[in-house]
$ cat target30.cif   # mmCIF, C-alpha atoms
data_start
loop_
_atom_site.label_atom_id
_atom_site.label_comp_id
_atom_site.auth_asym_id
_atom_site.auth_seq_id
_atom_site.Cartn_x
_atom_site.Cartn_y
_atom_site.Cartn_z
CA MET Y 204 -194.87 106.98 -12.58
CA SER Y 205 -192.80 105.12 -10.03
CA GLY Y 206 -193.00 104.32 -6.35
CA PRO Y 207 -194.12 101.49 -4.10
CA GLY Y 208 -196.39 99.04 -5.88
CA VAL Y 209 -195.44 100.27 -9.38
CA THR Y 210 -193.18 98.51 -11.85
CA GLU Y 211 -192.33 100.15 -15.18
CA THR Y 212 -190.72 98.43 -18.16
CA THR Y 213 -189.96 99.36 -21.75
CA SER Y 214 -189.10 96.91 -24.52
CA GLY Y 215 -188.01 97.39 -28.13
CA GLY Y 216 -190.07 96.47 -31.18
CA GLY Y 217 -193.81 96.09 -31.14
CA ARG Y 218 -196.74 98.08 -32.38
CA SER Y 219 -195.76 101.51 -31.00
CA GLY Y 220 -193.45 103.05 -33.55
CA GLY Y 221 -192.62 100.01 -35.70
CA ALA Y 222 -189.52 97.85 -35.45
CA GLY Y 223 -187.47 100.54 -33.68
CA GLY Y 224 -190.31 101.64 -31.38
CA SER Y 225 -190.97 100.57 -27.85
CA ILE Y 226 -193.81 99.19 -25.79
CA ARG Y 227 -194.19 100.79 -22.40
CA SER Y 228 -195.80 98.95 -19.52
CA GLU Y 229 -196.55 99.69 -15.89
CA GLN Y 230 -197.88 97.48 -13.13
CA TRP Y 231 -199.94 98.83 -10.23
CA LEU Y 232 -200.31 96.74 -7.07
CA PHE Y 233 -203.27 98.31 -5.31
CA ASP Y 234 -203.42 98.81 -1.55
CA HIS Y 235 -205.24 95.96 0.07
CA PRO Y 236 -207.30 96.50 3.18
CA PRO Y 237 -206.77 94.06 6.02
CA GLU Y 238 -210.42 93.15 5.49
CA ILE Y 239 -213.58 94.67 4.08
CA PHE Y 240 -217.08 94.05 5.27
CA ALA Y 241 -220.17 93.36 3.20
CA THR Y 242 -222.37 96.34 3.91
CA ASP Y 243 -225.86 94.96 3.42
CA SER Y 244 -227.92 91.83 3.78
CA HIS Y 245 -227.03 90.77 0.22
CA GLY Y 246 -223.30 90.62 0.91
CA SER Y 247 -222.44 93.61 -1.31
CA PHE Y 248 -219.31 95.77 -1.14
CA VAL Y 249 -217.64 98.70 -2.91
CA LEU Y 250 -213.84 98.93 -2.77
CA PRO Y 251 -211.92 101.89 -4.27
CA LEU Y 252 -208.69 100.70 -5.88
CA GLU Y 253 -205.92 102.94 -4.60
CA ARG Y 254 -202.14 102.92 -4.29
CA GLY Y 255 -200.60 104.87 -1.45
CA GLY Y 256 -204.04 106.27 -0.68
CA LYS Y 257 -204.38 107.75 -4.17
CA GLY Y 258 -206.75 106.40 -6.80
CA LEU Y 259 -206.05 108.56 -9.86
CA ILE Y 260 -204.02 106.70 -12.51
CA ASP Y 261 -202.33 108.48 -15.43
CA THR Y 262 -203.26 106.27 -18.39
CA SER Y 263 -202.39 108.71 -21.22
CA ALA Y 264 -199.32 106.73 -22.37
CA TYR Y 265 -201.13 103.40 -22.60
CA ASP Y 266 -203.54 101.56 -24.89
CA GLU Y 267 -204.69 98.67 -22.72
CA MET Y 268 -205.50 97.84 -19.08
CA ARG Y 269 -205.31 94.32 -17.65
CA ALA Y 270 -206.90 93.91 -14.22
CA LEU Y 271 -206.37 90.93 -11.92
CA VAL Y 272 -208.59 90.37 -8.86
CA SER Y 273 -208.58 87.82 -6.05
CA ILE Y 274 -211.21 87.71 -3.27
CA TRP Y 275 -211.46 85.17 -0.47
CA HIS Y 276 -212.69 84.68 3.11
CA PRO Y 277 -209.98 84.94 5.77
CA SER Y 278 -211.56 81.97 7.55
CA GLU Y 279 -211.13 78.51 6.05
CA LYS Y 280 -214.64 77.70 7.32
CA HIS Y 281 -216.21 79.82 4.58
CA SER Y 282 -216.30 79.37 0.84
CA ILE Y 283 -217.59 81.58 -1.96
CA ASP Y 284 -220.63 80.49 -3.95
CA LEU Y 285 -219.34 81.22 -7.46
CA ASP Y 286 -222.85 80.80 -8.89
CA ARG Y 287 -224.06 83.77 -6.82
CA ALA Y 288 -220.94 85.95 -6.42
CA TYR Y 289 -220.71 88.85 -8.87
CA VAL Y 290 -217.87 91.36 -9.22
CA GLU Y 291 -217.64 94.29 -11.60
CA LEU Y 292 -215.02 96.91 -12.35
CA ARG Y 293 -216.20 100.53 -12.38
CA LEU Y 294 -214.33 103.49 -13.83
CA ALA Y 295 -214.44 107.25 -13.35
CA LEU Y 296 -212.60 109.48 -15.85
CA ASP Y 297 -213.10 112.93 -14.25
CA PRO Y 298 -211.40 113.35 -10.84
CA GLU Y 299 -213.32 116.57 -10.17
CA ASP Y 300 -216.75 114.98 -10.71
CA PRO Y 301 -216.42 111.20 -10.48
CA HIS Y 302 -219.27 109.45 -12.24
CA TRP Y 303 -218.78 105.69 -11.85
CA VAL Y 304 -219.50 103.63 -14.95
CA LYS Y 305 -219.57 99.84 -15.05
CA VAL Y 306 -216.96 98.88 -17.65
CA ALA Y 307 -216.64 95.14 -17.07
CA GLU Y 308 -217.92 92.11 -15.22
CA VAL Y 309 -215.07 90.09 -13.77
CA GLU Y 310 -215.71 86.41 -14.45
CA PRO Y 311 -214.23 83.97 -11.95
CA VAL Y 312 -211.59 81.54 -13.12
CA VAL Y 313 -212.49 78.33 -11.32
CA PRO Y 314 -209.70 75.87 -10.52
CA PRO Y 315 -210.97 72.30 -10.95
CA SER Y 316 -209.51 71.12 -7.64
CA ASN Y 317 -210.92 73.81 -5.31
CA PRO Y 318 -214.11 75.38 -6.69
CA GLY Y 319 -215.40 78.13 -4.43
CA GLU Y 320 -212.25 78.56 -2.35
CA SER Y 321 -211.72 82.04 -3.83
CA PHE Y 322 -213.03 84.37 -6.51
CA ASP Y 323 -210.12 84.91 -8.91
CA GLY Y 324 -210.61 86.69 -12.18
CA TRP Y 325 -209.08 88.98 -14.78
CA ILE Y 326 -210.23 91.33 -17.51
CA VAL Y 327 -208.57 93.16 -20.44
CA LEU Y 328 -209.92 96.58 -21.45
CA PRO Y 329 -208.92 99.42 -23.75
CA VAL Y 330 -207.75 102.63 -22.07
CA LEU Y 331 -210.73 104.99 -22.24
CA GLY Y 332 -209.18 108.29 -21.08
CA ALA Y 333 -206.01 110.12 -20.09
CA GLN Y 334 -206.61 109.36 -16.43
CA ALA Y 335 -208.87 107.01 -14.51
CA GLN Y 336 -210.03 105.94 -11.08
CA LEU Y 337 -211.16 102.35 -10.50
CA ARG Y 338 -213.28 100.51 -7.96
CA LEU Y 339 -214.51 96.98 -7.45
CA CYS Y 340 -218.19 96.39 -6.71
CA GLY Y 341 -219.38 92.98 -5.60
CA THR Y 342 -222.58 91.29 -4.53
CA GLY Y 343 -223.80 87.77 -3.80
CA PHE Y 344 -221.20 87.09 -1.10
CA GLU Y 345 -222.18 85.95 2.40
CA PRO Y 346 -224.03 88.75 4.23
CA ARG Y 347 -221.92 90.79 6.63
CA SER Y 348 -218.88 88.61 6.13
CA ARG Y 349 -215.22 89.58 6.11
CA LEU Y 350 -213.39 89.33 2.79
CA GLN Y 351 -209.76 89.63 1.78
CA VAL Y 352 -209.09 91.38 -1.56
CA ARG Y 353 -205.98 91.72 -3.73
CA ALA Y 354 -206.02 93.60 -7.04
CA SER Y 355 -203.45 94.72 -9.58
CA LEU Y 356 -203.48 96.55 -12.89
CA TYR Y 357 -201.06 96.13 -15.78
CA LEU Y 358 -200.99 98.99 -18.29
CA VAL Y 359 -199.55 98.43 -21.78
CA GLY Y 360 -198.88 101.10 -24.41
#

$ encode --input "target30.cif" --output "structure tokens"
Amino acid sequence: MSGPGVTETTSGGGRSGGAGGSIRSEQWLFDHPPEIFATDSHGSFVLPLERGGKGLIDTSAYDEMRALVSIWHPSEKHSIDLDRAYVELRLALDPEDPHWVKVAEVEPVVPPSNPGESFDGWIVLPVLGAQAQLRLCGTGFEPRSRLQVRASLYLVG
């Protein structure tokens, strides 16, 4: 699959097909909203991960997904309480009847110099189906606050 926000590469060697085989990879840079709003008094949000307005990803050629997430307040006056903030990645495998399953908690990677400036995290998961839709669900952020979100997915097969 190619297009804006997608990078595909193939390299020789590796686990797929022995010494003469190749490893295929693809990077998805998801659309980022200008801002999202926490929808309740607990500071929760749900953000579908889409590219070009489409959320269905063909994962049939891959073995592994690597997700990278960054969340921050657009105002420098706010910080994120990393002891309270919680983000999880949910997955739906059937586009006709999406049932969202929590597949991972995204743990924040805290830089020693600026704790709480942003929620940055990553997770590595096996591919669980031939196609998938993803969404981020978060809670524990400031109630009714604006957040900036960037997310990408790297598929390896």

$ atom_distance --input "target30.cif" --atom1 "atom CA of Y:Val359" --atom2 "atom CA of Y:Phe233"
16.9 Å

$ residues_near_point --input "target30.cif" --point "(-205.5, 105.0, -22.5)" --cutoff "7 Å" --atoms "only C-alpha atoms" --output "PyMOL selection string"
chain Y and resi 262-267+329-333

$ resolve_selection --input "target30.cif" --expression "the PyMOL selection byres ((chain Y and resi 244) around 10)" --output "PDB file with C-alpha atoms, in the frame of the given file"
ATOM      1  CA  ALA Y 241    -220.170  93.360   3.200  1.00  0.00           C
ATOM      2  CA  THR Y 242    -222.370  96.340   3.910  1.00  0.00           C
ATOM      3  CA  ASP Y 243    -225.860  94.960   3.420  1.00  0.00           C
ATOM      4  CA  HIS Y 245    -227.030  90.770   0.220  1.00  0.00           C
ATOM      5  CA  GLY Y 246    -223.300  90.620   0.910  1.00  0.00           C
ATOM      6  CA  SER Y 247    -222.440  93.610  -1.310  1.00  0.00           C
ATOM      7  CA  THR Y 342    -222.580  91.290  -4.530  1.00  0.00           C
ATOM      8  CA  GLY Y 343    -223.800  87.770  -3.800  1.00  0.00           C
ATOM      9  CA  PHE Y 344    -221.200  87.090  -1.100  1.00  0.00           C
ATOM     10  CA  GLU Y 345    -222.180  85.950   2.400  1.00  0.00           C
ATOM     11  CA  PRO Y 346    -224.030  88.750   4.230  1.00  0.00           C
ATOM     12  CA  ARG Y 347    -221.920  90.790   6.630  1.00  0.00           C
ATOM     13  CA  SER Y 348    -218.880  88.610   6.130  1.00  0.00           C
TER      14      SER Y 348
END

$ residues_around --input "target30.cif" --residues "Y:Leu328" --least-positions-apart "4" --cutoff "10 Å" --atoms "all atoms listed in the file" --output "PyMOL selection string"
chain Y and resi 266-270+306-307+358

$ write_last_selection --input "target30.cif" --atoms "C-alpha atoms" --output "PDB file, in the coordinates of the input"
ATOM      1  CA  ASP Y 266    -203.540 101.560 -24.890  1.00  0.00           C
ATOM      2  CA  GLU Y 267    -204.690  98.670 -22.720  1.00  0.00           C
ATOM      3  CA  MET Y 268    -205.500  97.840 -19.080  1.00  0.00           C
ATOM      4  CA  ARG Y 269    -205.310  94.320 -17.650  1.00  0.00           C
ATOM      5  CA  ALA Y 270    -206.900  93.910 -14.220  1.00  0.00           C
ATOM      6  CA  VAL Y 306    -216.960  98.880 -17.650  1.00  0.00           C
ATOM      7  CA  ALA Y 307    -216.640  95.140 -17.070  1.00  0.00           C
ATOM      8  CA  LEU Y 358    -200.990  98.990 -18.290  1.00  0.00           C
TER       9      LEU Y 358
END

$ closest_residue --input "target30.cif" --among "Y:Val327, Y:Cys340, Y:Leu292, Y:Ala335" --to "Y:Leu250" --atoms "all atoms listed in the file"
Y:Cys340

$ closest_residue --input "target30.cif" --among "Y:Gly341, Y:Glu229, Y:Trp325, Y:Glu320" --to "Y:Pro277" --atoms "only C-alpha atoms"
Y:Glu320

$ closest_residue --input "target30.cif" --among "Y:Leu259, Y:Val290, Y:Lys280, Y:Pro311" --to "Y:Leu339" --atoms "all atoms listed in the file"
Y:Val290

$ decode --input "target30.cif" --residues "stretch 296-340 of chain Y" --atoms "N, CA and C atoms" --output "short mmCIF file (atom, residue, chain, number, x, y, z; two decimals), in the first residue's frame"
data_model
loop_
_atom_site.label_atom_id
_atom_site.label_comp_id
_atom_site.auth_asym_id
_atom_site.auth_seq_id
_atom_site.Cartn_x
_atom_site.Cartn_y
_atom_site.Cartn_z
N LEU Y 296 -10.85 -6.15 14.34
CA LEU Y 296 -10.40 -6.97 13.22
C LEU Y 296 -11.44 -7.11 12.11
N ASP Y 297 -12.72 -6.86 12.41
CA ASP Y 297 -13.80 -7.03 11.43
C ASP Y 297 -14.36 -5.67 11.05
N PRO Y 298 -14.11 -5.19 9.82
CA PRO Y 298 -14.60 -3.86 9.44
C PRO Y 298 -16.12 -3.78 9.34
N GLU Y 299 -16.77 -4.90 9.14
CA GLU Y 299 -18.23 -4.91 9.03
C GLU Y 299 -18.90 -4.79 10.40
N ASP Y 300 -18.27 -5.32 11.43
CA ASP Y 300 -18.82 -5.32 12.79
C ASP Y 300 -17.69 -5.06 13.76
N PRO Y 301 -17.24 -3.79 13.85
CA PRO Y 301 -16.07 -3.52 14.69
C PRO Y 301 -16.37 -3.72 16.18
N HIS Y 302 -15.67 -4.63 16.76
CA HIS Y 302 -15.70 -4.86 18.21
C HIS Y 302 -14.32 -4.48 18.70
N TRP Y 303 -14.24 -3.46 19.54
CA TRP Y 303 -12.95 -2.89 19.95
C TRP Y 303 -12.42 -3.63 21.17
N VAL Y 304 -11.23 -4.19 21.02
CA VAL Y 304 -10.58 -4.96 22.07
C VAL Y 304 -9.31 -4.23 22.52
N LYS Y 305 -9.14 -4.10 23.83
CA LYS Y 305 -7.90 -3.51 24.35
C LYS Y 305 -6.77 -4.51 24.12
N VAL Y 306 -5.77 -4.10 23.36
CA VAL Y 306 -4.64 -4.99 23.09
C VAL Y 306 -3.37 -4.57 23.81
N ALA Y 307 -3.30 -3.31 24.26
CA ALA Y 307 -2.08 -2.89 24.94
C ALA Y 307 -2.29 -1.60 25.70
N GLU Y 308 -1.58 -1.47 26.81
CA GLU Y 308 -1.46 -0.21 27.52
C GLU Y 308 -0.17 0.43 27.03
N VAL Y 309 -0.23 1.69 26.69
CA VAL Y 309 0.95 2.41 26.23
C VAL Y 309 1.58 3.07 27.45
N GLU Y 310 2.76 2.63 27.81
CA GLU Y 310 3.47 3.19 28.97
C GLU Y 310 4.26 4.41 28.53
N PRO Y 311 4.19 5.50 29.30
CA PRO Y 311 4.95 6.69 28.91
C PRO Y 311 6.45 6.50 29.13
N VAL Y 312 7.21 7.02 28.19
CA VAL Y 312 8.66 7.07 28.33
C VAL Y 312 8.96 8.48 28.86
N VAL Y 313 9.48 8.56 30.06
CA VAL Y 313 9.64 9.86 30.72
C VAL Y 313 11.07 10.35 30.56
N PRO Y 314 11.26 11.49 29.87
CA PRO Y 314 12.60 12.05 29.80
C PRO Y 314 12.99 12.64 31.15
N PRO Y 315 14.20 12.43 31.62
CA PRO Y 315 14.58 12.91 32.94
C PRO Y 315 14.56 14.43 33.08
N SER Y 316 14.74 15.15 31.99
CA SER Y 316 14.82 16.60 32.09
C SER Y 316 13.46 17.29 32.10
N ASN Y 317 12.43 16.70 31.49
CA ASN Y 317 11.12 17.35 31.40
C ASN Y 317 9.98 16.39 31.72
N PRO Y 318 9.92 15.85 32.92
CA PRO Y 318 8.81 14.93 33.21
C PRO Y 318 7.47 15.64 33.16
N GLY Y 319 6.51 15.06 32.47
CA GLY Y 319 5.17 15.61 32.40
C GLY Y 319 4.93 16.59 31.28
N GLU Y 320 5.96 16.91 30.49
CA GLU Y 320 5.77 17.83 29.39
C GLU Y 320 4.90 17.20 28.31
N SER Y 321 5.07 15.89 28.08
CA SER Y 321 4.25 15.18 27.10
C SER Y 321 4.15 13.72 27.51
N PHE Y 322 3.18 13.04 26.91
CA PHE Y 322 3.02 11.60 27.11
C PHE Y 322 3.52 10.96 25.83
N ASP Y 323 4.72 10.39 25.87
CA ASP Y 323 5.32 9.73 24.71
C ASP Y 323 5.49 8.26 25.05
N GLY Y 324 5.05 7.40 24.16
CA GLY Y 324 5.19 5.98 24.44
C GLY Y 324 5.17 5.16 23.17
N TRP Y 325 5.55 3.88 23.29
CA TRP Y 325 5.56 2.97 22.16
C TRP Y 325 5.23 1.57 22.64
N ILE Y 326 4.79 0.74 21.70
CA ILE Y 326 4.43 -0.63 22.03
C ILE Y 326 4.68 -1.51 20.80
N VAL Y 327 5.12 -2.75 21.03
CA VAL Y 327 5.34 -3.72 19.95
C VAL Y 327 4.35 -4.86 20.17
N LEU Y 328 3.62 -5.21 19.10
CA LEU Y 328 2.60 -6.26 19.17
C LEU Y 328 2.69 -7.19 17.98
N PRO Y 329 2.26 -8.44 18.14
CA PRO Y 329 2.15 -9.31 16.97
C PRO Y 329 0.95 -8.89 16.13
N VAL Y 330 1.00 -9.16 14.84
CA VAL Y 330 -0.16 -8.92 13.98
C VAL Y 330 -1.18 -10.00 14.31
N LEU Y 331 -2.42 -9.61 14.55
CA LEU Y 331 -3.44 -10.54 15.02
C LEU Y 331 -4.46 -10.92 13.96
N GLY Y 332 -4.42 -10.29 12.79
CA GLY Y 332 -5.38 -10.59 11.73
C GLY Y 332 -4.92 -10.03 10.41
N ALA Y 333 -5.66 -10.35 9.34
CA ALA Y 333 -5.30 -9.92 8.00
C ALA Y 333 -5.54 -8.43 7.78
N GLN Y 334 -6.43 -7.86 8.58
CA GLN Y 334 -6.67 -6.42 8.52
C GLN Y 334 -7.06 -5.93 9.91
N ALA Y 335 -6.86 -4.66 10.15
CA ALA Y 335 -7.12 -4.13 11.48
C ALA Y 335 -7.49 -2.65 11.41
N GLN Y 336 -8.23 -2.22 12.41
CA GLN Y 336 -8.50 -0.81 12.66
C GLN Y 336 -7.99 -0.54 14.08
N LEU Y 337 -7.43 0.65 14.29
CA LEU Y 337 -6.86 0.99 15.59
C LEU Y 337 -7.46 2.28 16.12
N ARG Y 338 -7.47 2.39 17.45
CA ARG Y 338 -7.85 3.65 18.09
C ARG Y 338 -7.11 3.78 19.40
N LEU Y 339 -6.89 5.03 19.78
CA LEU Y 339 -6.29 5.34 21.08
C LEU Y 339 -7.40 5.75 22.04
N CYS Y 340 -7.33 5.24 23.25
CA CYS Y 340 -8.27 5.62 24.30
C CYS Y 340 -7.45 6.09 25.49
#
